[in-house]
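The data block below is data.tsv; it holds TSV, C-alpha atoms and all ligand atoms.
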```tsv
chain	number	residue	atom	x	y	z
A	19	MET	CA	69.57	99.96	90.85
A	20	ASP	CA	71.31	96.89	89.55
A	21	TYR	CA	74.53	98.55	88.36
A	22	ARG	CA	75.96	96.78	85.35
A	23	PHE	CA	79.67	97.14	86.08
A	24	ALA	CA	82.31	96.06	83.60
A	25	ARG	CA	83.48	92.47	83.89
A	26	ARG	CA	87.01	93.66	84.69
A	27	MET	CA	85.82	94.93	88.08
A	28	THR	CA	85.23	91.36	89.18
A	29	CYS	CA	88.91	90.64	88.49
A	30	ALA	CA	90.25	92.97	91.20
A	31	PRO	CA	91.55	90.90	94.13
A	32	PRO	CA	89.72	91.48	97.46
A	33	SER	CA	91.34	94.49	99.10
A	34	PHE	CA	92.78	94.36	102.57
A	35	LEU	CA	93.31	98.11	102.61
A	36	ASP	CA	90.12	99.22	104.40
A	37	ARG	CA	90.94	96.94	107.31
A	38	LEU	CA	94.53	98.20	107.40
A	39	PHE	CA	93.41	101.80	107.33
A	40	ALA	CA	91.22	101.25	110.38
A	41	VAL	CA	94.18	99.60	112.14
A	42	SER	CA	96.52	102.50	111.39
A	43	LYS	CA	94.06	104.95	113.03
A	44	ASP	CA	93.86	103.01	116.31
A	45	PRO	CA	96.42	104.48	118.76
A	46	ARG	CA	96.48	101.27	120.85
A	47	ILE	CA	97.91	99.29	117.96
A	48	ILE	CA	101.55	99.38	116.90
A	49	SER	CA	101.34	98.72	113.19
A	50	PHE	CA	104.05	96.99	111.16
A	51	ALA	CA	101.37	96.40	108.53
A	52	GLY	CA	101.45	99.76	106.73
A	53	GLY	CA	103.84	101.04	104.12
A	54	LEU	CA	104.27	104.75	104.75
A	55	PRO	CA	107.61	106.50	104.58
A	56	ALA	CA	108.58	108.22	107.85
A	57	THR	CA	106.59	111.44	108.25
A	58	ARG	CA	109.41	113.08	110.20
A	59	PHE	CA	111.59	113.20	107.07
A	60	ILE	CA	109.10	115.25	105.06
A	61	ASP	CA	110.74	118.67	104.79
A	62	VAL	CA	107.60	120.78	105.24
A	63	GLU	CA	109.54	124.02	105.71
A	64	GLY	CA	111.63	123.49	102.55
A	65	ILE	CA	108.55	122.61	100.48
A	66	ARG	CA	106.66	125.61	101.89
A	67	GLU	CA	109.50	127.91	100.87
A	68	ALA	CA	109.70	126.37	97.36
A	69	ALA	CA	105.90	126.67	96.95
A	70	ALA	CA	105.97	130.34	97.98
A	71	ARG	CA	108.77	131.01	95.49
A	72	VAL	CA	106.93	129.30	92.61
A	73	LEU	CA	103.67	131.11	93.32
A	74	ALA	CA	105.37	134.49	93.68
A	75	GLU	CA	107.59	134.26	90.61
A	76	ASP	CA	105.53	132.21	88.22
A	77	GLY	CA	102.13	131.52	89.79
A	78	ARG	CA	99.90	131.95	86.74
A	79	ASP	CA	101.97	129.58	84.61
A	80	ALA	CA	102.18	127.03	87.46
A	81	LEU	CA	98.39	127.02	87.79
A	82	GLN	CA	97.69	126.72	84.06
A	83	TYR	CA	97.26	123.48	82.03
A	84	SER	CA	100.52	121.99	80.87
A	85	THR	CA	101.93	119.29	78.59
A	86	THR	CA	101.44	115.55	79.13
A	87	ASP	CA	105.15	114.66	79.21
A	88	GLY	CA	105.83	116.80	82.28
A	89	TYR	CA	107.83	119.85	83.37
A	90	LEU	CA	111.08	119.86	81.40
A	91	PRO	CA	113.42	121.12	84.19
A	92	LEU	CA	112.16	118.27	86.41
A	93	ARG	CA	112.79	115.71	83.66
A	94	GLU	CA	116.24	117.25	83.13
A	95	TYR	CA	116.95	116.88	86.84
A	96	ILE	CA	115.97	113.19	86.75
A	97	SER	CA	118.10	112.64	83.64
A	98	ARG	CA	121.13	114.32	85.30
A	99	ARG	CA	120.67	112.27	88.45
A	100	TYR	CA	120.69	109.00	86.44
A	101	ARG	CA	123.93	110.10	84.80
A	102	GLN	CA	125.60	111.18	88.04
A	103	ARG	CA	124.44	108.32	90.30
A	104	LEU	CA	124.40	105.43	87.88
A	105	GLY	CA	126.28	106.50	84.75
A	106	LEU	CA	123.09	105.97	82.71
A	107	ALA	CA	122.40	108.11	79.66
A	108	ILE	CA	118.63	108.63	79.69
A	109	PRO	CA	117.73	111.88	77.91
A	110	PRO	CA	114.81	114.00	79.22
A	111	GLU	CA	112.89	113.12	76.03
A	112	GLN	CA	112.75	109.51	77.24
A	113	ILE	CA	111.33	110.47	80.63
A	114	GLN	CA	107.65	111.10	81.32
A	115	ILE	CA	106.32	112.49	84.62
A	116	VAL	CA	103.44	110.52	86.14
A	117	ASN	CA	101.00	110.89	89.00
A	118	GLY	CA	103.04	108.68	91.36
A	119	SER	CA	104.78	105.60	89.99
A	120	GLN	CA	101.57	103.68	90.78
A	121	GLN	CA	100.13	105.30	87.64
A	122	CYS	CA	102.83	103.57	85.55
A	123	LEU	CA	101.44	100.20	86.68
A	124	ASP	CA	98.02	101.06	85.32
A	125	LEU	CA	99.22	102.67	82.10
A	126	VAL	CA	101.87	100.07	81.21
A	127	ALA	CA	99.21	97.39	81.68
A	128	LYS	CA	96.76	99.44	79.63
A	129	ILE	CA	99.09	99.78	76.63
A	130	PHE	CA	100.34	96.17	76.67
A	131	LEU	CA	97.66	93.85	78.01
A	132	ASP	CA	94.63	92.48	76.25
A	133	ARG	CA	92.35	90.12	78.14
A	134	GLY	CA	94.00	86.73	78.55
A	135	ASP	CA	97.56	87.98	77.85
A	136	THR	CA	100.26	86.66	80.14
A	137	VAL	CA	102.04	88.93	82.57
A	138	ALA	CA	104.84	87.62	84.79
A	139	MET	CA	106.13	88.89	88.10
A	140	GLU	CA	108.03	87.92	91.22
A	141	ARG	CA	106.69	85.54	93.88
A	142	PRO	CA	105.97	87.26	96.20
A	143	GLY	CA	105.31	90.48	94.28
A	144	TYR	CA	104.05	94.01	94.89
A	145	LEU	CA	100.37	93.99	95.88
A	146	GLY	CA	99.67	97.33	94.15
A	147	ALA	CA	100.93	95.86	90.87
A	148	ILE	CA	98.75	92.77	91.19
A	149	GLU	CA	95.75	95.04	91.77
A	150	ALA	CA	96.59	97.34	88.84
A	151	PHE	CA	97.31	94.54	86.34
A	152	SER	CA	94.27	92.47	87.41
A	153	LEU	CA	91.88	95.06	85.99
A	154	TYR	CA	93.18	94.24	82.50
A	155	GLU	CA	92.23	90.57	82.99
A	156	PRO	CA	95.61	88.96	82.31
A	157	VAL	CA	96.84	85.47	83.12
A	158	PHE	CA	99.49	85.73	85.84
A	159	ARG	CA	102.69	83.68	85.95
A	160	ASP	CA	105.08	84.08	88.85
A	161	VAL	CA	108.73	83.33	89.44
A	162	ALA	CA	110.22	82.59	92.87
A	163	LEU	CA	112.27	85.44	94.30
A	164	GLY	CA	115.19	84.40	96.51
A	165	PRO	CA	117.87	86.29	98.45
A	166	PHE	CA	119.86	87.00	95.26
A	167	GLY	CA	117.03	87.59	92.78
A	168	PRO	CA	114.59	85.52	90.74
A	169	ASP	CA	115.20	81.80	90.30
A	170	ILE	CA	116.89	82.03	86.91
A	171	ASP	CA	115.86	78.59	85.64
A	172	GLU	CA	112.23	79.31	86.44
A	173	PHE	CA	112.57	82.81	85.01
A	174	SER	CA	113.96	81.48	81.70
A	175	ARG	CA	111.28	78.81	81.52
A	176	VAL	CA	108.43	81.25	82.11
A	177	ILE	CA	109.79	83.79	79.62
A	178	ARG	CA	110.42	81.10	76.99
A	179	ASP	CA	107.25	79.03	77.43
A	180	ALA	CA	104.61	81.61	78.41
A	181	ARG	CA	106.06	84.57	76.43
A	182	PRO	CA	104.61	87.15	78.83
A	183	LYS	CA	104.04	90.60	77.37
A	184	PHE	CA	106.18	91.91	80.22
A	185	PHE	CA	107.89	90.75	83.40
A	186	TYR	CA	107.38	93.12	86.33
A	187	GLY	CA	110.22	93.16	88.86
A	188	ILE	CA	111.64	95.27	91.68
A	189	PRO	CA	115.39	94.51	91.73
A	190	ASN	CA	116.15	96.95	94.58
A	191	SER	CA	114.85	96.23	98.11
A	192	GLN	CA	111.64	94.72	96.86
A	193	ASN	CA	108.20	95.32	98.32
A	194	PRO	CA	107.22	93.06	100.13
A	195	SER	CA	110.36	90.95	100.72
A	196	GLY	CA	113.18	93.50	100.92
A	197	GLN	CA	115.27	91.29	98.60
A	198	THR	CA	117.79	92.79	96.14
A	199	TYR	CA	119.02	91.19	92.91
A	200	SER	CA	122.76	90.39	92.93
A	201	PRO	CA	124.90	91.73	90.03
A	202	GLU	CA	124.96	88.17	88.58
A	203	ALA	CA	121.16	87.91	88.74
A	204	ARG	CA	120.84	91.29	86.97
A	205	ARG	CA	123.08	90.07	84.15
A	206	ALA	CA	121.29	86.72	83.90
A	207	VAL	CA	117.86	88.39	83.81
A	208	ALA	CA	119.05	90.83	81.14
A	209	GLU	CA	120.44	87.96	79.07
A	210	VAL	CA	117.14	86.06	79.10
A	211	ILE	CA	115.18	89.24	78.32
A	212	GLY	CA	117.65	90.07	75.52
A	213	ASP	CA	116.86	86.76	73.81
A	214	SER	CA	113.07	87.13	74.16
A	215	ASP	CA	110.21	89.34	73.02
A	216	THR	CA	109.23	90.06	76.64
A	217	LEU	CA	109.66	93.57	78.03
A	218	PHE	CA	111.28	94.01	81.47
A	219	TYR	CA	109.27	96.42	83.64
A	220	GLU	CA	111.67	97.58	86.36
A	221	ASP	CA	110.03	99.35	89.29
A	222	ASP	CA	112.71	101.23	91.19
A	223	ALA	CA	110.66	102.75	94.01
A	224	PHE	CA	113.39	102.00	96.59
A	225	GLY	CA	116.69	102.31	94.68
A	226	GLU	CA	117.73	105.45	96.58
A	227	LEU	CA	117.23	103.79	99.96
A	228	PHE	CA	120.16	101.37	100.29
A	229	PHE	CA	121.44	101.48	103.84
A	230	ASP	CA	125.07	101.54	102.64
A	231	GLY	CA	124.31	104.50	100.34
A	232	LYS	CA	125.69	102.66	97.30
A	233	PRO	CA	123.54	102.63	94.16
A	234	ARG	CA	122.91	99.34	92.30
A	235	PRO	CA	122.82	99.58	88.50
A	236	PRO	CA	119.36	98.95	87.00
A	237	VAL	CA	118.70	95.92	84.80
A	238	ALA	CA	117.18	98.42	82.33
A	239	GLY	CA	120.68	99.79	81.67
A	240	LEU	CA	121.69	96.37	80.27
A	241	VAL	CA	118.69	96.04	77.93
A	242	PRO	CA	117.64	99.65	77.22
A	243	ASP	CA	115.46	98.77	74.20
A	244	LYS	CA	113.62	96.05	76.08
A	245	ALA	CA	112.94	97.72	79.40
A	246	VAL	CA	110.88	100.41	81.04
A	247	LEU	CA	112.12	101.86	84.31
A	248	SER	CA	109.93	103.70	86.80
A	249	GLY	CA	110.96	105.86	89.74
A	250	SER	CA	109.31	108.01	92.36
A	251	PHE	CA	109.83	110.95	94.69
A	252	SER	CA	107.35	109.43	97.15
A	253	LYS	CA	109.83	107.62	99.38
A	254	ILE	CA	112.51	110.34	99.31
A	255	ILE	CA	110.57	113.64	99.29
A	256	ALA	CA	106.81	113.30	99.95
A	257	PRO	CA	104.24	110.78	98.70
A	258	GLY	CA	101.43	113.35	98.87
A	259	MET	CA	102.94	115.27	95.95
A	260	ARG	CA	102.19	112.22	93.77
A	261	ILE	CA	105.19	112.72	91.48
A	262	GLY	CA	106.90	109.77	89.82
A	263	TRP	CA	108.29	109.05	86.38
A	264	ILE	CA	108.84	106.45	83.72
A	265	CYS	CA	111.77	106.02	81.34
A	266	ALA	CA	111.04	104.06	78.19
A	267	PRO	CA	112.20	103.56	74.61
A	268	PRO	CA	110.65	106.22	72.30
A	269	THR	CA	108.05	103.89	70.70
A	270	VAL	CA	106.80	102.69	74.07
A	271	LEU	CA	106.82	106.22	75.50
A	272	GLY	CA	104.67	107.45	72.59
A	273	ARG	CA	101.94	104.93	73.43
A	274	PHE	CA	102.35	105.59	77.14
A	275	ASN	CA	101.97	109.34	76.56
A	276	CYS	CA	98.78	108.73	74.59
A	277	ALA	CA	97.30	106.63	77.43
A	278	LYS	CA	98.39	109.21	80.02
A	279	GLN	CA	96.77	112.04	78.07
A	280	ALA	CA	93.51	110.12	77.90
A	281	ALA	CA	93.67	109.36	81.62
A	282	ASP	CA	94.43	112.79	83.13
A	283	LEU	CA	96.02	115.17	80.54
A	284	HIS	CA	99.06	115.67	82.77
A	285	SER	CA	100.31	115.30	86.33
A	286	ASN	CA	99.77	118.12	88.82
A	287	PHE	CA	101.81	120.93	87.28
A	288	LEU	CA	101.99	123.06	90.43
A	289	CYS	CA	103.52	120.16	92.36
A	290	GLN	CA	105.99	119.46	89.55
A	291	LYS	CA	107.18	123.08	89.65
A	292	ILE	CA	107.37	123.16	93.44
A	293	LEU	CA	109.38	119.96	93.43
A	294	ALA	CA	111.77	121.26	90.76
A	295	ALA	CA	112.23	124.50	92.73
A	296	TYR	CA	112.84	122.51	95.92
A	297	LEU	CA	115.44	120.28	94.25
A	298	GLU	CA	117.26	123.35	92.87
A	299	THR	CA	118.06	124.59	96.37
A	300	HIS	CA	118.25	121.41	98.48
A	301	ASP	CA	120.84	118.65	98.69
A	302	LEU	CA	118.85	115.51	97.86
A	303	ASP	CA	121.87	113.24	98.50
A	304	ALA	CA	122.22	114.45	102.10
A	305	HIS	CA	118.46	114.11	102.67
A	306	VAL	CA	118.37	110.58	101.26
A	307	ARG	CA	121.40	109.57	103.38
A	308	ARG	CA	119.56	110.62	106.56
A	309	ILE	CA	116.47	108.61	105.62
A	310	ALA	CA	118.44	105.51	104.60
A	311	ARG	CA	120.52	105.62	107.79
A	312	ALA	CA	117.41	105.74	109.99
A	313	TYR	CA	115.67	102.94	108.05
A	314	GLY	CA	118.85	100.84	108.24
A	315	GLU	CA	118.97	101.20	112.04
A	316	ASN	CA	115.31	100.22	112.35
A	317	CYS	CA	115.77	97.24	110.05
A	318	ARG	CA	118.82	95.95	111.95
A	319	LEU	CA	116.95	96.29	115.25
A	320	MET	CA	113.96	94.36	113.90
A	321	CYS	CA	116.19	91.59	112.51
A	322	GLU	CA	118.09	91.29	115.82
A	323	ILE	CA	114.85	90.93	117.76
A	324	LEU	CA	113.55	88.34	115.28
A	325	ASP	CA	116.80	86.37	115.65
A	326	ASP	CA	117.11	86.63	119.44
A	327	ASP	CA	113.59	86.75	120.86
A	328	PHE	CA	111.36	84.75	118.52
A	329	PRO	CA	110.88	80.98	118.64
A	330	PRO	CA	112.99	78.75	116.38
A	331	GLY	CA	111.50	77.75	113.05
A	332	LEU	CA	110.83	81.33	112.04
A	333	SER	CA	113.05	82.94	109.38
A	334	HIS	CA	113.23	86.34	107.75
A	335	THR	CA	114.80	88.17	104.83
A	336	GLU	CA	117.82	90.45	105.38
A	337	PRO	CA	117.13	93.67	103.45
A	338	GLU	CA	119.98	95.87	102.23
A	339	GLY	CA	117.58	98.80	101.89
A	340	GLY	CA	113.98	99.89	101.51
A	341	MET	CA	111.16	99.75	104.03
A	342	PHE	CA	110.07	96.10	104.39
A	343	LEU	CA	111.17	92.64	105.37
A	344	MET	CA	109.35	89.35	105.11
A	345	VAL	CA	108.98	86.68	107.76
A	346	SER	CA	108.34	82.99	107.11
A	347	LEU	CA	106.39	81.60	110.04
A	348	PRO	CA	107.09	78.27	111.74
A	349	PRO	CA	105.06	75.34	110.37
A	350	GLY	CA	101.45	75.28	111.51
A	351	LEU	CA	101.17	79.03	112.04
A	352	ASP	CA	98.78	80.78	109.65
A	353	SER	CA	99.43	84.47	108.89
A	354	HIS	CA	95.75	85.47	108.99
A	355	ARG	CA	95.40	84.01	112.50
A	356	LEU	CA	98.52	85.93	113.47
A	357	PHE	CA	96.95	89.10	112.04
A	358	GLU	CA	93.67	88.67	113.96
A	359	GLU	CA	95.31	87.62	117.24
A	360	GLY	CA	97.96	90.37	116.87
A	361	LEU	CA	95.22	93.01	116.68
A	362	ARG	CA	93.80	91.77	119.97
A	363	LYS	CA	97.24	92.16	121.57
A	364	GLY	CA	97.93	95.59	120.02
A	365	VAL	CA	100.24	94.78	117.11
A	366	ALA	CA	99.46	94.58	113.38
A	367	VAL	CA	101.31	92.62	110.68
A	368	LEU	CA	100.39	92.22	107.04
A	369	PRO	CA	99.63	88.63	105.94
A	370	GLY	CA	101.65	87.65	102.87
A	371	THR	CA	98.81	86.17	100.79
A	372	PRO	CA	97.85	89.34	98.82
A	373	PHE	CA	101.42	89.45	97.50
A	374	TYR	CA	101.10	86.12	95.70
A	375	ALA	CA	99.59	86.66	92.24
A	376	CYS	CA	99.11	82.92	91.70
A	377	GLY	CA	98.21	81.96	95.27
A	378	GLY	CA	100.30	80.93	98.29
A	379	GLY	CA	102.07	82.87	101.01
A	380	GLU	CA	99.83	81.64	103.87
A	381	SER	CA	102.81	81.25	106.19
A	382	THR	CA	104.43	84.61	105.45
A	383	VAL	CA	103.95	88.14	106.79
A	384	ARG	CA	105.37	91.49	105.70
A	385	LEU	CA	106.78	93.83	108.34
A	386	ASN	CA	107.33	97.54	107.72
A	387	PHE	CA	110.18	99.27	109.57
A	388	SER	CA	110.18	102.81	108.14
A	389	CYS	CA	107.66	104.75	110.13
A	390	MET	CA	108.23	103.99	113.81
A	391	ASP	CA	111.00	104.68	116.31
A	392	ALA	CA	113.20	102.15	118.13
A	393	GLU	CA	110.99	102.17	121.22
A	394	GLN	CA	107.86	101.33	119.21
A	395	ILE	CA	109.75	98.59	117.36
A	396	ARG	CA	110.89	97.01	120.67
A	397	GLU	CA	107.41	97.21	122.19
A	398	GLY	CA	105.61	96.01	119.04
A	399	MET	CA	108.01	93.12	118.47
A	400	GLU	CA	107.66	92.04	122.10
A	401	ARG	CA	103.88	91.89	121.65
A	402	LEU	CA	104.32	90.02	118.36
A	403	SER	CA	106.71	87.49	119.82
A	404	GLY	CA	104.15	86.78	122.60
A	405	VAL	CA	101.40	86.21	120.03
A	406	VAL	CA	103.61	83.89	117.93
A	407	ARG	CA	104.49	81.80	121.00
A	408	ALA	CA	100.87	81.60	122.10
A	409	LEU	CA	99.72	80.43	118.66
A	410	LEU	CA	102.37	77.80	118.07
A	411	PRO	CA	100.88	74.31	118.03
B	501	LIG	C1	107.10	98.80	94.69
B	501	LIG	C2	106.22	100.01	94.63
B	501	LIG	N1	105.95	100.54	93.44
B	501	LIG	C3	105.17	101.62	93.33
B	501	LIG	C4	104.60	102.21	94.44
B	501	LIG	C5	103.73	103.41	94.26
B	501	LIG	O1	104.35	104.54	94.75
B	501	LIG	P1	104.04	106.01	94.24
B	501	LIG	O2	102.82	105.95	93.38
B	501	LIG	O3	103.81	106.81	95.47
B	501	LIG	O4	105.25	106.44	93.47
B	501	LIG	C6	104.85	101.68	95.71
B	501	LIG	C7	104.24	102.27	96.91
B	501	LIG	O5	104.44	101.85	98.02
B	501	LIG	C8	105.69	100.54	95.81
B	501	LIG	O6	105.95	99.97	96.97
```
Can you present the structure in this file as structure tokens?
Amino acid sequence: MDYRFARRMTCAPPSFLDRLFAVSKDPRIISFAGGLPATRFIDVEGIREAAARVLAEDGRDALQYSTTDGYLPLREYISRRYRQRLGLAIPPEQIQIVNGSQQCLDLVAKIFLDRGDTVAMERPGYLGAIEAFSLYEPVFRDVALGPFGPDIDEFSRVIRDARPKFFYGIPNSQNPSGQTYSPEARRAVAEVIGDSDTLFYEDDAFGELFFDGKPRPPVAGLVPDKAVLSGSFSKIIAPGMRIGWICAPPTVLGRFNCAKQAADLHSNFLCQKILAAYLETHDLDAHVRRIARAYGENCRLMCEILDDDFPPGLSHTEPEGGMFLMVSLPPGLDSHRLFEEGLRKGVAVLPGTPFYACGGGESTVRLNFSCMDAEQIREGMERLSGVVRALLP
């Protein structure tokens, strides 16, 4: 059969994920290439107890169809947490539960992008966003992301000249680079957005995971009518529950709700109720502090090894939180060669190229530091340093 697929399917970038999946299953390989949160912080016992409670007290309702916007007590919890952590007033009516914040990427693109529309994002930017947006056949523009945020001159130019429908950014501990916008960059970005007809799409997948425990105020709080803000329980509770959310101005949320209803009616209601029950009886702040402390230790160890044991000419970002850092390789060293040679020596890294919506990134790799212990980091980085030395011209 010659299947006549839609043209949009030819727009999806080639996926590296199958290869990575095979790598993550091979016990001989220490993988810095993945992006999983640490399994040891998933509170199986607490979630089991919350699930038993929900099924015993309210099982029939939890297993019935529900509304598209999501379980109200869970949206109220998210709203309260924004007020308490960040002083943001986002009412539950402006919050919609989604099937993991990845679903926001698809649905925001679906409601805003026609073929040929411009969408802008950071360089490098989140691979999952590039994949999701690509299916709507946009034209990508990118803006360099530095240690303090996007290059503001380039950002202003792109917003002014290309008038993208939206700019997608991750101001907190970005995936893949680990970079965080400074307070000045947040204000400058908000100012440019305020003077434009471009929406700011703020993905806050990592905002709870600052190593110093201090929250950074979202850009969305400075331009509430011109921003959507997504969040997720994946990195702080359990990604398998697939529960995230989006906050948006009422007009945008109405369209979003319509697209969500068409896509899947609503997110898994049983999981929403279990999560709400879990959050009622567990201290999320204490749990998040434990995770962030462990990730911070891993990140510092990885940075120290990169500084002390790798050849000169290599540089790396210095994350304040999150799960990733990015390495710029010495001249002449290609990241795909490093990937292939690393596999032979038992260590996997993720080449940077899939994170560049408009091309580039050949001399960069992303390293994950969330899901291994100090011993594995030492061993894996020793292998990696050997491969880098061997490949240098
Ligand atoms: C920046 C970013 N956004 C969104 C997601 C999707 O996460 P989820 O759908 O589990 O909320 C991820 C996953 O790693 C991510 O890194």
Counting only C-alpha atoms and all ligand atoms, give me one row per residue of chain A with an atom at most 8 Å from an atom of ligand LIG 501 (chain B), showing the shortest contact pair and its distance in Å to one decimal, sorted by chain then residue number, as JSON lines.
```
{"residue": "A:Gly53", "atom": "CA", "partner": "B:LIG501", "partner_atom": "O5", "distance": 6.2}
{"residue": "A:Leu54", "atom": "CA", "partner": "B:LIG501", "partner_atom": "O5", "distance": 7.3}
{"residue": "A:Asn117", "atom": "CA", "partner": "B:LIG501", "partner_atom": "O2", "distance": 6.8}
{"residue": "A:Gly118", "atom": "CA", "partner": "B:LIG501", "partner_atom": "O2", "distance": 3.4}
{"residue": "A:Ser119", "atom": "CA", "partner": "B:LIG501", "partner_atom": "O4", "distance": 3.6}
{"residue": "A:Gln120", "atom": "CA", "partner": "B:LIG501", "partner_atom": "O2", "distance": 3.7}
{"residue": "A:Gln121", "atom": "CA", "partner": "B:LIG501", "partner_atom": "O2", "distance": 6.4}
{"residue": "A:Leu123", "atom": "CA", "partner": "B:LIG501", "partner_atom": "C3", "distance": 7.8}
{"residue": "A:Tyr144", "atom": "CA", "partner": "B:LIG501", "partner_atom": "C1", "distance": 5.7}
{"residue": "A:Gly146", "atom": "CA", "partner": "B:LIG501", "partner_atom": "C6", "distance": 6.9}
{"residue": "A:Ala147", "atom": "CA", "partner": "B:LIG501", "partner_atom": "N1", "distance": 7.3}
{"residue": "A:Ile188", "atom": "CA", "partner": "B:LIG501", "partner_atom": "C1", "distance": 6.5}
{"residue": "A:Gln192", "atom": "CA", "partner": "B:LIG501", "partner_atom": "C1", "distance": 6.5}
{"residue": "A:Asn193", "atom": "CA", "partner": "B:LIG501", "partner_atom": "C1", "distance": 5.1}
{"residue": "A:Pro194", "atom": "CA", "partner": "B:LIG501", "partner_atom": "O6", "distance": 7.7}
{"residue": "A:Asp221", "atom": "CA", "partner": "B:LIG501", "partner_atom": "N1", "distance": 5.9}
{"residue": "A:Asp222", "atom": "CA", "partner": "B:LIG501", "partner_atom": "C1", "distance": 7.0}
{"residue": "A:Ala223", "atom": "CA", "partner": "B:LIG501", "partner_atom": "N1", "distance": 5.2}
{"residue": "A:Phe224", "atom": "CA", "partner": "B:LIG501", "partner_atom": "C1", "distance": 7.3}
{"residue": "A:Gly249", "atom": "CA", "partner": "B:LIG501", "partner_atom": "O4", "distance": 6.8}
{"residue": "A:Ser250", "atom": "CA", "partner": "B:LIG501", "partner_atom": "O4", "distance": 4.5}
{"residue": "A:Phe251", "atom": "CA", "partner": "B:LIG501", "partner_atom": "O4", "distance": 6.5}
{"residue": "A:Ser252", "atom": "CA", "partner": "B:LIG501", "partner_atom": "O3", "distance": 4.7}
{"residue": "A:Lys253", "atom": "CA", "partner": "B:LIG501", "partner_atom": "O3", "distance": 7.2}
{"residue": "A:Pro257", "atom": "CA", "partner": "B:LIG501", "partner_atom": "O3", "distance": 5.1}
{"residue": "A:Gly258", "atom": "CA", "partner": "B:LIG501", "partner_atom": "O3", "distance": 7.7}
{"residue": "A:Arg260", "atom": "CA", "partner": "B:LIG501", "partner_atom": "O3", "distance": 5.9}
{"residue": "A:Ile261", "atom": "CA", "partner": "B:LIG501", "partner_atom": "O4", "distance": 6.6}
{"residue": "A:Gly262", "atom": "CA", "partner": "B:LIG501", "partner_atom": "O4", "distance": 5.2}
```
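Counting only C-alpha atoms and comparing A:Asp76, A:Glu111, A:Asp282, A:Glu220, the residue that lies closest to Ser97 of chain A is A:Glu111.
Counting from atom CA of Trp263 of chain A, the distance to atom CA of Cys122 of chain A is 7.8 Å.
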Would you mind listing what lies within 10 Å of segment 34-44 of chain A as a ChimeraX atom specification, with all atoms listed in the file counted and same-chain residues fewer than 2 positions away left out?
/A:31-32,46-52,361,364-369,372
Which of these residues is nearest to Gln102 of chain A, using only C-alpha atoms: A:Gly404, A:Pro165, A:Pro235, A:Gly88?
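Checking each candidate against Gln102 of chain A, we get A:Pro235 as the closest.
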Tell me which of A:Phe158, A:Phe59, A:Phe229, A:Tyr186 sits closest to Leu302 of chain A, counting only C-alpha atoms.
A:Phe59
